[in-house]
$ cat my_file_24.txt   # compact mmCIF, C-alpha atoms
# COMPACT_ATOMS: atom_id res chain seq x y z
CA MET C 1 175.26 156.25 189.23
CA HIS C 2 173.84 159.19 191.20
CA ILE C 3 170.31 160.37 190.39
CA ILE C 4 168.50 163.29 192.02
CA VAL C 5 164.72 163.12 192.25
CA VAL C 6 163.10 166.54 192.77
CA GLY C 7 159.63 166.20 194.27
CA ALA C 8 158.56 163.42 196.63
CA GLY C 9 154.88 162.93 195.99
CA ILE C 10 153.77 159.47 194.99
CA LEU C 11 155.44 159.67 191.56
CA GLY C 12 158.77 160.94 192.91
CA ALA C 13 158.75 158.57 195.88
CA SER C 14 158.17 155.62 193.56
CA THR C 15 160.94 156.79 191.23
CA ALA C 16 163.36 157.07 194.16
CA PHE C 17 162.40 153.65 195.52
CA HIS C 18 162.88 151.90 192.21
CA LEU C 19 166.17 153.68 191.57
CA ALA C 20 167.50 152.72 195.00
CA ARG C 21 166.26 149.16 194.59
CA ALA C 22 168.24 148.94 191.34
CA GLY C 23 171.39 149.99 193.21
CA ALA C 24 171.62 153.65 192.21
CA GLN C 25 172.75 156.39 194.57
CA VAL C 26 169.63 158.49 195.11
CA THR C 27 169.07 161.95 196.57
CA MET C 28 165.50 163.15 196.96
CA VAL C 29 164.93 166.89 197.24
CA ASP C 30 161.48 168.01 198.31
CA GLN C 31 160.07 171.29 199.58
CA ALA C 32 156.86 169.74 200.97
CA HIS C 33 154.51 172.34 199.47
CA ASP C 34 151.04 172.79 200.93
CA GLY C 35 148.54 171.38 198.47
CA ARG C 36 150.57 168.50 197.11
CA ALA C 37 148.18 166.41 195.03
CA THR C 38 149.29 163.12 196.58
CA ALA C 39 148.31 164.24 200.07
CA ALA C 40 144.81 165.31 199.03
CA GLY C 41 143.87 162.72 196.39
CA ALA C 42 141.05 160.28 197.07
CA GLY C 43 142.88 157.12 195.99
CA ILE C 44 140.40 155.43 193.63
CA ILE C 45 141.96 152.61 191.61
CA CYS C 46 139.46 151.56 188.95
CA PRO C 47 140.69 152.61 185.49
CA TRP C 48 138.46 150.19 183.63
CA VAL C 49 135.41 152.40 184.15
CA SER C 50 137.24 155.44 182.75
CA GLY C 51 135.82 157.19 179.72
CA ALA C 52 139.34 157.61 178.31
CA ASP C 53 139.48 156.66 174.65
CA ASP C 54 143.17 157.41 174.06
CA PRO C 55 144.77 153.94 173.71
CA ALA C 56 148.20 154.97 175.02
CA PHE C 57 146.78 156.68 178.09
CA TYR C 58 144.31 153.89 178.80
CA ARG C 59 147.07 151.31 178.69
CA LEU C 60 149.19 153.36 181.12
CA TYR C 61 146.15 153.77 183.38
CA VAL C 62 145.46 150.05 183.39
CA GLU C 63 149.10 149.12 183.94
CA GLY C 64 149.13 151.48 186.90
CA ALA C 65 146.28 149.62 188.55
CA ARG C 66 147.78 146.24 187.68
CA TYR C 67 151.11 147.15 189.28
CA TYR C 68 149.65 147.50 192.77
CA ALA C 69 149.33 143.72 193.06
CA GLU C 70 153.12 143.49 192.69
CA LEU C 71 154.15 146.62 194.56
CA VAL C 72 152.14 146.16 197.77
CA PRO C 73 153.75 142.81 198.75
CA THR C 74 157.15 144.14 197.67
CA LEU C 75 156.86 147.08 200.06
CA ALA C 76 155.75 144.71 202.83
CA GLU C 77 159.08 142.91 202.39
CA TYR C 78 160.77 146.22 203.21
CA GLY C 79 158.70 146.60 206.37
CA GLU C 80 156.01 148.85 204.87
CA PRO C 81 152.65 147.03 205.08
CA GLN C 82 150.47 150.01 206.10
CA LEU C 83 149.60 151.64 202.78
CA GLY C 84 145.85 152.10 203.00
CA TYR C 85 145.45 149.78 200.01
CA ARG C 86 142.44 147.48 199.84
CA PRO C 87 140.59 145.84 196.92
CA VAL C 88 137.05 146.75 198.01
CA GLY C 89 135.35 146.75 194.62
CA ALA C 90 133.74 149.68 192.88
CA LEU C 91 130.06 150.49 192.45
CA VAL C 92 128.92 152.48 189.44
CA VAL C 93 125.48 153.83 190.37
CA SER C 94 122.59 155.25 188.39
CA SER C 95 118.81 155.45 188.53
CA ASP C 96 118.75 154.34 184.87
CA ALA C 97 118.92 150.54 184.65
CA ASP C 98 119.39 150.62 180.87
CA GLU C 99 122.41 152.90 181.27
CA LEU C 100 124.01 150.48 183.72
CA SER C 101 123.29 147.52 181.47
CA ALA C 102 124.96 149.20 178.50
CA PHE C 103 127.96 150.10 180.66
CA ASP C 104 128.19 146.51 181.84
CA GLN C 105 128.46 145.37 178.21
CA LEU C 106 131.32 147.83 177.64
CA LEU C 107 133.18 146.53 180.69
CA GLN C 108 132.71 142.93 179.64
CA ARG C 109 134.41 143.77 176.35
CA ARG C 110 137.22 145.54 178.17
CA ARG C 111 137.68 142.57 180.48
CA LEU C 112 138.83 140.45 177.54
CA ASN C 113 142.13 142.38 177.60
CA THR C 114 142.14 143.27 181.28
CA PRO C 115 140.90 140.24 183.21
CA GLU C 116 142.28 141.71 186.45
CA MET C 117 139.17 143.94 186.43
CA GLY C 118 137.29 140.96 187.84
CA GLU C 119 133.64 140.15 187.41
CA THR C 120 130.94 142.77 186.94
CA THR C 121 127.53 142.32 188.54
CA LEU C 122 124.33 144.33 188.11
CA LEU C 123 122.74 145.11 191.47
CA SER C 124 119.24 146.19 192.39
CA PRO C 125 118.87 149.37 194.47
CA ARG C 126 118.38 147.23 197.57
CA ASP C 127 121.54 145.21 196.91
CA ALA C 128 123.49 148.37 196.09
CA ARG C 129 122.55 149.80 199.52
CA MET C 130 123.72 146.62 201.17
CA GLN C 131 127.14 147.35 199.68
CA PHE C 132 127.08 151.08 200.58
CA PRO C 133 124.27 151.72 203.10
CA PRO C 134 123.98 155.55 202.81
CA LEU C 135 123.01 155.36 199.10
CA ARG C 136 119.80 156.87 197.76
CA GLU C 137 117.00 154.33 197.56
CA ASP C 138 116.45 154.51 193.79
CA LEU C 139 120.07 153.98 192.73
CA ALA C 140 120.91 150.63 191.15
CA GLY C 141 124.53 149.60 190.79
CA LEU C 142 127.11 147.87 188.63
CA HIS C 143 129.67 146.23 190.87
CA VAL C 144 133.25 145.90 189.56
CA ALA C 145 134.87 143.23 191.68
CA ASN C 146 138.49 144.35 191.73
CA GLY C 147 138.18 148.09 192.09
CA ALA C 148 140.37 149.27 194.94
CA ARG C 149 141.37 152.27 197.01
CA VAL C 150 144.66 153.50 198.45
CA ASP C 151 145.67 156.17 200.93
CA GLY C 152 148.03 158.39 198.91
CA ARG C 153 149.73 159.80 201.98
CA LEU C 154 150.48 156.36 203.39
CA MET C 155 151.62 154.95 200.04
CA ALA C 156 153.99 157.85 199.30
CA ALA C 157 155.39 157.74 202.83
CA GLY C 158 155.91 153.98 202.58
CA LEU C 159 157.76 154.34 199.29
CA LEU C 160 159.96 157.09 200.75
CA ARG C 161 160.85 155.06 203.83
CA ALA C 162 161.60 151.99 201.71
CA ALA C 163 163.86 154.09 199.47
CA GLN C 164 165.69 155.41 202.53
CA LYS C 165 166.15 151.90 203.87
CA LEU C 166 167.90 151.16 200.58
CA GLY C 167 170.24 154.11 201.07
CA ALA C 168 168.38 157.02 199.46
CA ARG C 169 168.88 160.41 201.07
CA LEU C 170 166.04 162.90 201.62
CA VAL C 171 166.79 166.64 201.62
CA GLY C 172 163.97 168.96 202.65
CA ALA C 173 164.70 172.09 200.66
CA HIS C 174 163.94 174.20 197.63
CA ALA C 175 165.90 173.01 194.59
CA GLU C 176 167.38 175.05 191.78
CA LEU C 177 168.48 173.07 188.73
CA ILE C 178 172.05 173.56 187.50
CA ALA C 179 172.80 173.15 183.80
CA ASP C 180 176.05 173.28 181.87
CA GLY C 181 175.31 173.78 178.19
CA ASP C 182 173.00 170.96 177.09
CA ARG C 183 173.40 168.89 180.24
CA VAL C 184 172.14 169.09 183.81
CA ARG C 185 174.82 168.88 186.46
CA GLY C 186 172.84 168.84 189.68
CA VAL C 187 170.83 171.06 191.99
CA ASN C 188 171.49 173.92 194.37
CA THR C 189 169.71 174.11 197.71
CA ARG C 190 170.14 176.82 200.28
CA ASP C 191 172.81 174.74 202.06
CA GLU C 192 174.60 172.75 199.40
CA MET C 193 175.27 172.05 195.76
CA ILE C 194 174.50 168.44 194.86
CA GLU C 195 176.05 167.04 191.69
CA ALA C 196 174.58 164.05 189.92
CA ASP C 197 174.58 162.02 186.71
CA GLY C 198 170.92 162.72 186.12
CA ILE C 199 167.86 164.50 187.50
CA VAL C 200 164.24 163.37 187.50
CA VAL C 201 161.80 166.24 188.08
CA THR C 202 158.54 165.01 189.62
CA ALA C 203 157.52 168.23 191.34
CA GLY C 204 153.88 168.33 190.22
CA ALA C 205 152.42 171.71 189.37
CA TRP C 206 155.45 173.42 190.93
CA ALA C 207 157.74 171.95 188.25
CA VAL C 208 156.75 174.78 185.89
CA THR C 209 158.69 177.35 187.91
CA LEU C 210 161.53 174.93 188.54
CA LEU C 211 162.11 174.31 184.83
CA GLN C 212 161.67 177.86 183.53
CA PRO C 213 165.35 178.87 184.04
CA LEU C 214 166.31 176.07 181.64
CA GLY C 215 164.11 177.55 178.92
CA ILE C 216 161.41 174.92 179.39
CA ALA C 217 157.82 176.15 179.32
CA LEU C 218 156.15 173.09 180.77
CA PRO C 219 152.50 173.01 179.65
CA ILE C 220 151.14 172.22 183.11
CA GLU C 221 148.71 174.16 185.29
CA PRO C 222 147.47 173.58 188.84
CA GLN C 223 143.88 172.44 189.14
CA ARG C 224 142.54 172.86 192.65
CA GLY C 225 140.60 169.99 194.14
CA GLN C 226 138.68 170.23 197.40
CA ILE C 227 137.76 166.92 199.01
CA VAL C 228 135.72 166.45 202.19
CA HIS C 229 136.39 163.75 204.79
CA LEU C 230 133.42 162.60 206.88
CA ARG C 231 133.05 160.22 209.81
CA LEU C 232 130.13 157.91 210.55
CA PRO C 233 130.64 156.96 214.21
CA GLY C 234 130.11 153.28 214.89
CA GLU C 235 130.01 152.26 211.21
CA ASN C 236 132.44 149.63 209.97
CA THR C 237 133.27 151.18 206.62
CA GLN C 238 136.51 149.38 205.73
CA ASP C 239 134.93 147.10 203.12
CA TRP C 240 132.54 149.58 201.54
CA PRO C 241 133.16 149.91 197.79
CA VAL C 242 134.16 153.00 195.88
CA VAL C 243 130.98 154.71 194.61
CA LEU C 244 131.06 156.25 191.14
CA PRO C 245 127.97 158.24 190.12
CA PRO C 246 127.67 159.91 186.71
CA GLY C 247 130.05 162.86 186.43
CA SER C 248 133.32 163.56 188.20
CA HIS C 249 132.24 163.27 191.83
CA TYR C 250 132.67 160.13 193.92
CA LEU C 251 132.54 158.53 197.36
CA LEU C 252 134.86 156.04 198.99
CA ALA C 253 135.45 154.73 202.47
CA PHE C 254 138.46 153.91 204.64
CA ASP C 255 139.02 151.82 207.75
CA ASP C 256 138.25 154.33 210.52
CA SER C 257 134.54 154.97 209.88
CA ARG C 258 135.71 157.53 207.33
CA VAL C 259 133.95 158.39 204.08
CA VAL C 260 135.63 160.63 201.53
CA ALA C 261 133.55 162.81 199.19
CA GLY C 262 135.09 164.57 196.23
CA ALA C 263 135.99 166.54 194.47
CA THR C 264 136.05 169.93 192.82
CA ARG C 265 138.03 170.57 189.63
CA GLU C 266 138.92 174.26 189.70
CA ALA C 267 141.08 175.79 186.99
CA GLY C 268 142.51 179.28 186.96
CA VAL C 269 142.91 179.69 190.72
CA GLY C 270 146.68 179.26 190.82
CA PHE C 271 148.02 177.98 194.13
CA ASP C 272 145.24 179.48 196.25
CA TYR C 273 145.38 177.01 199.13
CA ARG C 274 141.97 177.56 200.69
CA VAL C 275 138.79 175.71 201.43
CA THR C 276 136.09 177.84 199.85
CA ALA C 277 132.40 178.03 200.65
CA ALA C 278 131.51 177.21 197.05
CA GLY C 279 133.87 174.25 196.93
CA GLN C 280 132.59 172.81 200.21
CA ALA C 281 128.99 173.30 199.11
CA GLU C 282 129.56 171.64 195.74
CA VAL C 283 131.14 168.54 197.24
CA LEU C 284 128.57 168.11 200.01
CA THR C 285 125.61 168.77 197.70
CA GLU C 286 126.78 166.12 195.25
CA ALA C 287 127.57 163.65 198.05
CA LEU C 288 124.19 164.02 199.75
CA HIS C 289 122.37 163.79 196.43
CA VAL C 290 123.89 160.35 195.88
CA ALA C 291 124.05 159.20 199.49
CA PRO C 292 121.55 161.06 201.71
CA GLY C 293 122.43 158.68 204.52
CA LEU C 294 125.59 160.75 205.01
CA ALA C 295 123.58 163.73 206.29
CA SER C 296 124.34 162.90 209.92
CA ALA C 297 128.07 162.35 209.32
CA THR C 298 130.64 164.53 211.05
CA ILE C 299 132.88 166.68 208.86
CA ILE C 300 136.45 165.82 209.89
CA GLU C 301 138.44 167.92 207.45
CA THR C 302 138.54 169.27 203.93
CA ARG C 303 141.75 168.68 202.02
CA VAL C 304 142.98 170.88 199.21
CA GLY C 305 145.32 169.66 196.48
CA PHE C 306 146.65 171.02 193.21
CA ARG C 307 146.49 168.43 190.45
CA PRO C 308 149.14 168.96 187.74
CA VAL C 309 147.03 169.08 184.58
CA GLY C 310 148.34 169.28 181.02
CA ARG C 311 146.76 170.36 177.76
CA GLY C 312 145.88 166.80 176.79
CA ILE C 313 145.06 163.61 178.63
CA ARG C 314 148.53 162.10 178.26
CA PRO C 315 151.06 162.66 181.04
CA LEU C 316 154.60 163.86 180.35
CA LEU C 317 156.99 161.00 181.12
CA GLY C 318 160.59 160.46 180.09
CA ALA C 319 163.69 162.26 178.91
CA MET C 320 163.43 165.96 178.14
CA PRO C 321 164.46 166.50 174.50
CA GLY C 322 167.57 168.65 174.15
CA ILE C 323 168.86 168.41 177.72
CA ASP C 324 170.97 165.37 178.57
CA GLY C 325 170.37 163.81 181.94
CA LEU C 326 167.00 165.46 182.58
CA LEU C 327 163.81 163.44 182.87
CA VAL C 328 160.34 164.71 183.71
CA GLY C 329 157.29 163.06 185.19
CA ASN C 330 154.20 165.27 185.28
CA GLY C 331 150.63 165.83 184.17
CA LEU C 332 149.06 162.77 185.78
CA GLY C 333 146.09 164.88 186.84
CA ALA C 334 143.32 163.07 188.68
CA ALA C 335 144.86 159.68 187.78
CA GLY C 336 148.01 160.30 189.81
CA LEU C 337 147.43 157.80 192.60
CA THR C 338 146.64 155.04 190.11
CA ILE C 339 149.45 155.74 187.65
CA GLY C 340 152.10 157.21 189.96
CA PRO C 341 153.78 154.07 191.35
CA PHE C 342 154.02 152.37 187.96
CA ALA C 343 155.13 155.56 186.19
CA GLY C 344 157.82 155.98 188.85
CA ARG C 345 159.15 152.55 188.03
CA ALA C 346 159.19 153.45 184.33
CA LEU C 347 161.04 156.73 185.00
CA ALA C 348 163.61 154.93 187.14
CA GLU C 349 164.33 152.42 184.40
CA ALA C 350 164.63 155.20 181.82
CA ALA C 351 166.98 157.21 184.07
CA LEU C 352 169.25 154.19 184.39
CA GLY C 353 169.29 153.61 180.64
CA HIS C 354 167.20 150.45 180.91
CA GLU C 355 164.12 149.44 178.94
CA PRO C 356 161.02 150.79 180.75
CA PRO C 357 158.12 148.41 181.43
CA ILE C 358 155.97 150.44 179.01
CA ASP C 359 156.80 152.35 175.86
CA LEU C 360 157.32 155.97 176.91
CA ASP C 361 157.40 157.36 173.37
CA PRO C 362 153.73 158.48 173.49
CA PHE C 363 154.53 160.46 176.65
CA VAL C 364 157.78 162.20 175.67
CA PRO C 365 157.85 165.62 177.37
CA MET C 366 157.26 168.61 175.15
CA GLN C 367 160.03 170.17 173.11
CA ARG C 368 161.97 172.92 174.82
CA ALA C 369 160.89 176.53 174.50
CA ALA C 370 162.63 178.84 172.07
CA THR C 371 165.63 179.43 174.36
CA GLU C 372 168.72 177.96 172.73
CA ALA C 373 170.79 175.45 174.68
CA GLY C 374 173.85 177.67 174.48
CA ASN C 375 172.01 180.39 176.40
CA LEU C 376 171.14 178.22 179.37
CA PRO C 377 172.05 179.87 182.69
CA LEU C 378 175.21 178.43 184.18
CA ARG C 379 175.11 178.16 187.97

$ encode --input "my_file_24.txt" --output "structure tokens"
Amino acid sequence: MHIIVVGAGILGASTAFHLARAGAQVTMVDQAHDGRATAAGAGIICPWVSGADDPAFYRLYVEGARYYAELVPTLAEYGEPQLGYRPVGALVVSSDADELSAFDQLLQRRRLNTPEMGETTLLSPRDARMQFPPLREDLAGLHVANGARVDGRLMAAGLLRAAQKLGARLVGAHAELIADGDRVRGVNTRDEMIEADGIVVTAGAWAVTLLQPLGIALPIEPQRGQIVHLRLPGENTQDWPVVLPPGSHYLLAFDDSRVVAGATREAGVGFDYRVTAAGQAEVLTEALHVAPGLASATIIETRVGFRPVGRGIRPLLGAMPGIDGLLVGNGLGAAGLTIGPFAGRALAEAALGHEPPIDLDPFVPMQRAATEAGNLPLR
């Protein structure tokens, strides 16, 4: 069975790996757009502290985090141990001790169904700064033992290489979908026409344009995120926890004295791939408010990514109604690096006609636009 995967971010790379591992013939087609969400994402894996109250989404979110414990050693078996993954814990911080105590009670209830969260521990401001030294002096913490972080670039690259070791082919090109009536036949690139038994479109925010010729108005928009990378020379940061203040901003650290501060959530800017003064100021202001000890850090770079964001919290995962052989994975938004590897496995199983590891019915992609199947362009 030959499956084409269009888009090789973390979701597409995982889909390709799992397809190849199951014995399918796999062709990956990827244009390597500037601003791919995978390359810019922070890599926080701690869904248990999410405010999501949609049961289907929360389960997918949790399963995504759970799957890393299986996937990381599996990729090591294929010679891919360098993924930037480390369970470092997470630290929810606040100056309001009562707020942290109430949140701790919520997490203890959640742990009954998700024991992989690990223990939660209330920390004094002094103990919180021992975990993450640049923190503000009045911030107490709630430590979540099994929070983790991952380098999205390294993880996606590792999945791609593992897929290629299993025989998958990578084509760097723009793809144009080919349909014949109600069924996809393959893709056209500038150099070749590639036929296949099925296509999985995991092209992030760029999938909207890709699917339009098939009469599909995918309800996805790009949301720009600007994220600043800092360096603290001489600091051993590899074991510092993820820091989660109130709101949508955050801090996390990596192995090379690097601290990542994020991130903006900018709608309505299209694919404007720029670092803006306002975006840089917002991220640094929030970071220094929480961790003034970062004031002397060196700015290494600011990454820009376009999160594919849908109208609701649920991603679009599974077979596209009305078009045989076409599956879509999209709309993971800011949760992409947590959900992506597990969702890729689910898409691979669905593409092969197998039972996915999670019920995809709550995530069925939207119905096709008004264009009738008989009017699909034939290429």

$ residues_around --input "my_file_24.txt" --residues "Ile194 of chain C" --least-positions-apart "6" --cutoff "12 Å" --atoms "only C-alpha atoms" --output "PyMOL selection string"
chain C and resi 2-6+26-29+169+171+173+175-178+184-188+379

$ closest_atom_pairs --input "my_file_24.txt" --of "segment 283-354 of chain C" --to "segment 244-253 of chain C" --cutoff "8 Å" --atoms "all atoms listed in the file" --output "CSV"
residue,atom,partner,partner_atom,distance
C:Val283,CA,C:His249,CA,7.6
C:Glu286,CA,C:His249,CA,7.0
C:Ala287,CA,C:Leu251,CA,7.2
C:Val290,CA,C:Pro245,CA,7.4

$ residues_around --input "my_file_24.txt" --residues "segment 44-48 of chain C" --least-positions-apart "4" --cutoff "6 Å" --atoms "only C-alpha atoms" --output "MDAnalysis selection string"
chainID C and resid 61:62 147:149 338

$ atom_distance --input "my_file_24.txt" --atom1 "atom CA of Glu355 of chain C" --atom2 "atom CA of Ala22 of chain C"
13.1 Å

$ residues_around --input "my_file_24.txt" --residues "Ala24 of chain C" --least-positions-apart "2" --cutoff "10 Å" --atoms "all atoms listed in the file" --output "ChimeraX atom specification"
/C:1-3,16-22,26-27,166-168,348,352

$ write_last_selection --input "my_file_24.txt" --atoms "C-alpha atoms" --output "CSV table (one decimal), in the coordinates of the input"
chain,number,residue,atom,x,y,z
C,1,MET,CA,175.3,156.2,189.2
C,2,HIS,CA,173.8,159.2,191.2
C,3,ILE,CA,170.3,160.4,190.4
C,16,ALA,CA,163.4,157.1,194.2
C,17,PHE,CA,162.4,153.6,195.5
C,18,HIS,CA,162.9,151.9,192.2
C,19,LEU,CA,166.2,153.7,191.6
C,20,ALA,CA,167.5,152.7,195.0
C,21,ARG,CA,166.3,149.2,194.6
C,22,ALA,CA,168.2,148.9,191.3
C,26,VAL,CA,169.6,158.5,195.1
C,27,THR,CA,169.1,162.0,196.6
C,166,LEU,CA,167.9,151.2,200.6
C,167,GLY,CA,170.2,154.1,201.1
C,168,ALA,CA,168.4,157.0,199.5
C,348,ALA,CA,163.6,154.9,187.1
C,352,LEU,CA,169.2,154.2,184.4

$ residues_around --input "my_file_24.txt" --residues "segment 87-90 of chain C" --least-positions-apart "5" --cutoff "7 Å" --atoms "all atoms listed in the file" --output "PDB file with C-alpha atoms, keeping the file's coordinate frame"
ATOM      1  CA  HIS C 143     129.670 146.230 190.870  1.00  0.00           C
ATOM      2  CA  VAL C 144     133.250 145.900 189.560  1.00  0.00           C
ATOM      3  CA  ALA C 145     134.870 143.230 191.680  1.00  0.00           C
ATOM      4  CA  ASN C 146     138.490 144.350 191.730  1.00  0.00           C
ATOM      5  CA  GLY C 147     138.180 148.090 192.090  1.00  0.00           C
ATOM      6  CA  ALA C 148     140.370 149.270 194.940  1.00  0.00           C
ATOM      7  CA  ARG C 149     141.370 152.270 197.010  1.00  0.00           C
ATOM      8  CA  ASP C 239     134.930 147.100 203.120  1.00  0.00           C
ATOM      9  CA  TRP C 240     132.540 149.580 201.540  1.00  0.00           C
ATOM     10  CA  PRO C 241     133.160 149.910 197.790  1.00  0.00           C
ATOM     11  CA  VAL C 242     134.160 153.000 195.880  1.00  0.00           C
ATOM     12  CA  VAL C 243     130.980 154.710 194.610  1.00  0.00           C
TER      13      VAL C 243
END

$ atom_distance --input "my_file_24.txt" --atom1 "atom CA of Met130 of chain C" --atom2 "atom CA of Ala65 of chain C"
26.0 Å

$ build_atoms --input "my_file_24.txt" --residues "segment 294-314 of chain C" --atoms "N, CA and C atoms" --output "mmCIF file, in the frame of the given file"
data_model
loop_
_atom_site.group_PDB
_atom_site.id
_atom_site.type_symbol
_atom_site.label_atom_id
_atom_site.label_comp_id
_atom_site.auth_asym_id
_atom_site.auth_seq_id
_atom_site.Cartn_x
_atom_site.Cartn_y
_atom_site.Cartn_z
ATOM 1 N N LEU C 294 124.412 160.094 204.436
ATOM 2 C CA LEU C 294 125.590 160.750 205.010
ATOM 3 C C LEU C 294 125.235 162.053 205.714
ATOM 4 N N ALA C 295 123.970 162.427 205.745
ATOM 5 C CA ALA C 295 123.580 163.730 206.290
ATOM 6 C C ALA C 295 123.979 163.894 207.747
ATOM 7 N N SER C 296 124.007 162.806 208.496
ATOM 8 C CA SER C 296 124.340 162.900 209.920
ATOM 9 C C SER C 296 125.833 162.714 210.187
ATOM 10 N N ALA C 297 126.630 162.555 209.139
ATOM 11 C CA ALA C 297 128.070 162.350 209.320
ATOM 12 C C ALA C 297 128.739 163.612 209.849
ATOM 13 N N THR C 298 129.842 163.417 210.543
ATOM 14 C CA THR C 298 130.640 164.530 211.050
ATOM 15 C C THR C 298 131.684 164.924 210.008
ATOM 16 N N ILE C 299 131.816 166.214 209.751
ATOM 17 C CA ILE C 299 132.880 166.680 208.860
ATOM 18 C C ILE C 299 134.186 166.696 209.660
ATOM 19 N N ILE C 300 135.161 165.898 209.211
ATOM 20 C CA ILE C 300 136.450 165.820 209.890
ATOM 21 C C ILE C 300 137.394 166.901 209.384
ATOM 22 N N GLU C 301 137.497 166.983 208.075
ATOM 23 C CA GLU C 301 138.440 167.920 207.450
ATOM 24 C C GLU C 301 138.087 168.059 205.975
ATOM 25 N N THR C 302 138.587 169.105 205.378
ATOM 26 C CA THR C 302 138.540 169.270 203.930
ATOM 27 C C THR C 302 139.966 169.460 203.446
ATOM 28 N N ARG C 303 140.399 168.606 202.555
ATOM 29 C CA ARG C 303 141.750 168.680 202.020
ATOM 30 C C ARG C 303 141.743 169.423 200.691
ATOM 31 N N VAL C 304 142.824 170.128 200.448
ATOM 32 C CA VAL C 304 142.980 170.880 199.210
ATOM 33 C C VAL C 304 144.257 170.415 198.526
ATOM 34 N N GLY C 305 144.152 170.078 197.248
ATOM 35 C CA GLY C 305 145.320 169.660 196.480
ATOM 36 C C GLY C 305 145.309 170.287 195.099
ATOM 37 N N PHE C 306 146.512 170.433 194.540
ATOM 38 C CA PHE C 306 146.650 171.020 193.210
ATOM 39 C C PHE C 306 147.112 169.939 192.224
ATOM 40 N N ARG C 307 146.149 169.444 191.440
ATOM 41 C CA ARG C 307 146.490 168.430 190.450
ATOM 42 C C ARG C 307 147.316 169.073 189.330
ATOM 43 N N PRO C 308 148.411 168.449 188.902
ATOM 44 C CA PRO C 308 149.140 168.960 187.740
ATOM 45 C C PRO C 308 148.452 168.494 186.460
ATOM 46 N N VAL C 309 147.861 169.413 185.743
ATOM 47 C CA VAL C 309 147.030 169.080 184.580
ATOM 48 C C VAL C 309 147.656 169.662 183.322
ATOM 49 N N GLY C 310 147.784 168.836 182.286
ATOM 50 C CA GLY C 310 148.340 169.280 181.020
ATOM 51 C C GLY C 310 147.271 169.645 180.013
ATOM 52 N N ARG C 311 147.699 169.940 178.802
ATOM 53 C CA ARG C 311 146.760 170.360 177.760
ATOM 54 C C ARG C 311 145.996 169.183 177.158
ATOM 55 N N GLY C 312 146.548 167.991 177.290
ATOM 56 C CA GLY C 312 145.880 166.800 176.790
ATOM 57 C C GLY C 312 145.788 165.778 177.910
ATOM 58 N N ILE C 313 145.255 164.626 177.603
ATOM 59 C CA ILE C 313 145.060 163.610 178.630
ATOM 60 C C ILE C 313 146.360 162.888 178.969
ATOM 61 N N ARG C 314 147.311 162.868 178.023
ATOM 62 C CA ARG C 314 148.530 162.100 178.260
ATOM 63 C C ARG C 314 149.489 162.808 179.215
#
